[in-house]
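Novice: Following this message is one structure expressed as structure tokens.
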Amino acid sequence: MAGEPESDAAVVARVLAGEIQVFGILVARYRPAFARYATAMCGDPDLAADAMQEAFIRAFDGLRGCRQPERFGAWFFRILTNQCRNYRSRWGKHEAAEPAVLVEAKASADDALMQGELRDAIARALDQLSADQREAFVLRHVDGRSYREMAELLAEREDVLRMRVHRAREQMRRFLEEQE
């Protein structure tokens, strides 16, 4: 049907056939979907942008290794996750900028100050999580993904991911209680 977006598999096939410029379709398709995730995982918007750029470069260079081109998004997600982990470990933990999505914006200056303090506390709590817990928590509570979507992206069982999210919430709750 005319007007439908080209499938990931079709775009990958075109790139592999030599139309390298159409890789931009995949970049345009997945950059917005994973930008918030990368920011939350890296803890810094600039670091996240660098990690995303590097992930797209690695995806392009390794495109022949994508065994299931129809699942390009899940394959790219793994590359991005690894880049975020690498960047985070290489440049240390940064204050997470994106957990602000967990806090409603407030109009008054007092509310803005309290929101900033809460955002900082949440960022510190996220820093206490293991990479796997942080990844699951961010996908669920920052990106708003379902457990089914998470299972597809991470190639894990849903019950495993539910437990990771549960443990992440518990660990963050304990950390935040200790900070009060």
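Lettering and numbering for the structure tokens are positional, with chains as A, B, ... in the shown order, residues counted from 1 in each chain, and ligands counted from 1 in the shown order.
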Would you pick out the contacts of Cys84 (chain A) at 8 Å or less, using only C-alpha atoms, so that residues sharing its chain but fewer than 3 positions from it are not included, and give the list as a PyMOL selection string?
Specialist: chain A and resi 38+41-42+48+51-52+80-81+87-88
Novice: Kindly save the residues from that selection, with N, CA and C atoms included, as a tab-separated table (two decimals), in the first residue's frame.
Specialist:
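Result written to out29.tsv:
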chain	number	residue	atom	x	y	z
A	38	ALA	N	18.83	6.59	26.13
A	38	ALA	CA	20.28	6.81	26.17
A	38	ALA	C	20.64	7.89	27.19
A	41	MET	N	20.31	6.39	30.64
A	41	MET	CA	21.35	5.40	30.90
A	41	MET	C	22.72	6.04	31.09
A	42	CYS	N	23.02	7.06	30.29
A	42	CYS	CA	24.33	7.71	30.39
A	42	CYS	C	24.38	8.75	31.50
A	48	ALA	N	25.07	10.97	26.10
A	48	ALA	CA	24.07	10.14	25.42
A	48	ALA	C	24.12	10.36	23.92
A	51	ALA	N	27.08	8.57	22.61
A	51	ALA	CA	26.85	7.12	22.62
A	51	ALA	C	25.92	6.72	21.48
A	52	MET	N	24.89	7.51	21.23
A	52	MET	CA	23.97	7.20	20.12
A	52	MET	C	24.68	7.29	18.79
A	80	LEU	N	23.28	0.03	21.25
A	80	LEU	CA	23.17	1.29	22.00
A	80	LEU	C	23.36	1.05	23.49
A	81	THR	N	22.75	0.00	24.01
A	81	THR	CA	22.90	-0.31	25.43
A	81	THR	C	24.37	-0.52	25.79
A	87	TYR	N	30.29	4.13	27.71
A	87	TYR	CA	30.51	5.55	27.93
A	87	TYR	C	30.38	5.88	29.41
A	88	ARG	N	29.39	5.30	30.06
A	88	ARG	CA	29.17	5.57	31.48
A	88	ARG	C	30.35	5.08	32.31
Novice: For each of A:Leu129, A:Ala74, A:Met172, A:Ala35, take the minimum atom-to-atom distance to Ala151 (chain A), counting only C-alpha atoms, then give the residue where this is smallest.
Specialist: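 Among the listed residues, A:Ala74 lies closest to Ala151 (chain A).
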Novice: Excluding Ala55 (chain A) and its own-chain neighbours fewer than 5 positions away, which residues fall within 12 Å of it when counting only C-alpha atoms? Please give them as a list in words.
Specialist: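 Near Ala55 (chain A), the qualifying residues are Val27, Tyr30, Arg31, Phe34, Ala35, Ala38, Ala48, Ala49, Asp50, Phe60, Asp61, Gly62, Leu63, Gly73, Trp75, Phe76, Phe77, Arg78, Ile79, Leu80, Thr81, Asn82, Gln83, Cys84, Arg85, Asn86 and Tyr87 of chain A.
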Novice: Could you write those residues out with C-alpha atoms, as a compact mmCIF listing (two decimals), in the first residue's frame?
Specialist:
# COMPACT_ATOMS: atom_id res chain seq x y z
CA VAL A 27 18.59 6.68 12.02
CA TYR A 30 15.22 4.99 15.90
CA ARG A 31 16.99 8.12 17.18
CA PHE A 34 15.90 5.69 22.02
CA ALA A 35 17.16 9.21 22.81
CA ALA A 38 20.28 6.81 26.17
CA ALA A 48 24.07 10.14 25.42
CA ALA A 49 24.31 11.91 22.06
CA ASP A 50 27.88 10.66 21.66
CA PHE A 60 26.21 0.69 10.02
CA ASP A 61 29.64 -0.95 10.08
CA GLY A 62 28.23 -4.23 11.37
CA LEU A 63 25.00 -4.30 9.38
CA GLY A 73 15.37 -2.02 16.29
CA TRP A 75 19.53 -5.39 17.36
CA PHE A 76 20.37 -1.66 17.40
CA PHE A 77 19.05 -1.37 20.96
CA ARG A 78 21.65 -3.92 22.15
CA ILE A 79 24.42 -1.96 20.43
CA LEU A 80 23.17 1.29 22.00
CA THR A 81 22.90 -0.31 25.43
CA ASN A 82 26.50 -1.50 25.21
CA GLN A 83 27.65 1.94 24.10
CA CYS A 84 25.79 3.62 26.97
CA ARG A 85 27.39 1.22 29.44
CA ASN A 86 30.83 1.77 27.91
CA TYR A 87 30.51 5.55 27.93
Novice: Using only C-alpha atoms, which protein or nucleic acid residues come within 12 Å of region 139-142 of chain A? Drop anything in the same chain fewer than 3 positions from it, and give the result as an MDAnalysis selection string.
Specialist: chainID A and resid 33:41 77 81 96:103 122 126 132:136 145:154 158 161:166 168:169
Novice: If you keep C-alpha atoms, can you produce a file of those selected residues as a tab-separated table (two decimals), in the first residue's frame?
Specialist:
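Wrote it out as again38.tsv, contents follow:
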chain	number	residue	atom	x	y	z
A	33	ALA	CA	12.69	6.26	20.08
A	34	PHE	CA	15.90	5.69	22.02
A	35	ALA	CA	17.16	9.21	22.81
A	36	ARG	CA	15.46	9.41	26.20
A	37	TYR	CA	16.68	5.92	27.07
A	38	ALA	CA	20.28	6.81	26.17
A	39	THR	CA	20.11	10.02	28.22
A	40	ALA	CA	18.80	8.19	31.26
A	41	MET	CA	21.35	5.40	30.90
A	77	PHE	CA	19.05	-1.37	20.96
A	81	THR	CA	22.90	-0.31	25.43
A	96	ALA	CA	21.23	11.82	35.33
A	97	ALA	CA	19.36	14.51	33.46
A	98	GLU	CA	16.36	12.52	32.30
A	99	PRO	CA	14.70	11.21	35.48
A	100	ALA	CA	13.00	14.60	35.52
A	101	VAL	CA	10.30	12.87	33.49
A	102	LEU	CA	9.39	11.09	36.71
A	103	VAL	CA	8.53	14.39	38.40
A	122	ILE	CA	16.46	10.17	41.94
A	126	LEU	CA	19.66	5.48	39.81
A	132	ASP	CA	20.84	-4.41	34.39
A	133	GLN	CA	18.54	-2.93	37.02
A	134	ARG	CA	19.05	0.61	35.73
A	135	GLU	CA	18.34	-0.53	32.17
A	136	ALA	CA	15.11	-2.30	33.17
A	145	ARG	CA	7.65	0.39	27.77
A	146	SER	CA	5.58	-2.69	28.48
A	147	TYR	CA	7.24	-5.81	29.85
A	148	ARG	CA	6.56	-7.50	26.50
A	149	GLU	CA	8.40	-4.72	24.64
A	150	MET	CA	11.24	-4.90	27.14
A	151	ALA	CA	11.49	-8.68	26.71
A	152	GLU	CA	11.76	-8.28	22.94
A	153	LEU	CA	14.40	-5.55	23.19
A	154	LEU	CA	16.51	-7.29	25.81
A	158	GLU	CA	9.20	-11.00	31.17
A	161	LEU	CA	12.48	-8.17	33.85
A	162	ARG	CA	9.64	-7.75	36.33
A	163	MET	CA	12.01	-8.91	39.07
A	164	ARG	CA	14.75	-6.50	37.93
A	165	VAL	CA	12.32	-3.58	37.95
A	166	HIS	CA	10.96	-4.63	41.34
A	168	ALA	CA	15.46	-1.59	41.27
A	169	ARG	CA	12.42	0.14	42.80
Novice: Ranking A:Pro69, A:Pro32, A:Gly24, A:Gly43 by minimum distance to Ala10 (chain A) and counting only C-alpha atoms, which one comes first?
Specialist: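 Residue with the minimum atom-to-atom distance to Ala10 (chain A): A:Pro69.
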Novice: Find the distance between CA of Val22 (chain A) and CA of Asp44 (chain A) and write it in Å to one decimal.
Specialist: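 Between CA of Val22 (chain A) and CA of Asp44 (chain A) the gap is 29.2 Å.
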Novice: Please compute the CA of Ser89 (chain A)-CA of Leu47 (chain A) distance, one decimal, in Å.
Specialist: 11.4 Å
Novice: Which neighbours of Ala125 (chain A) fall inside 8 Å, counting only C-alpha atoms, when residues of the same chain fewer than 6 positions from it are skipped, and could you give them as a list in words?
Specialist: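 So, after excluding close chain neighbours, the residues are Gln171, Met172, Phe175 and Leu176 of chain A.
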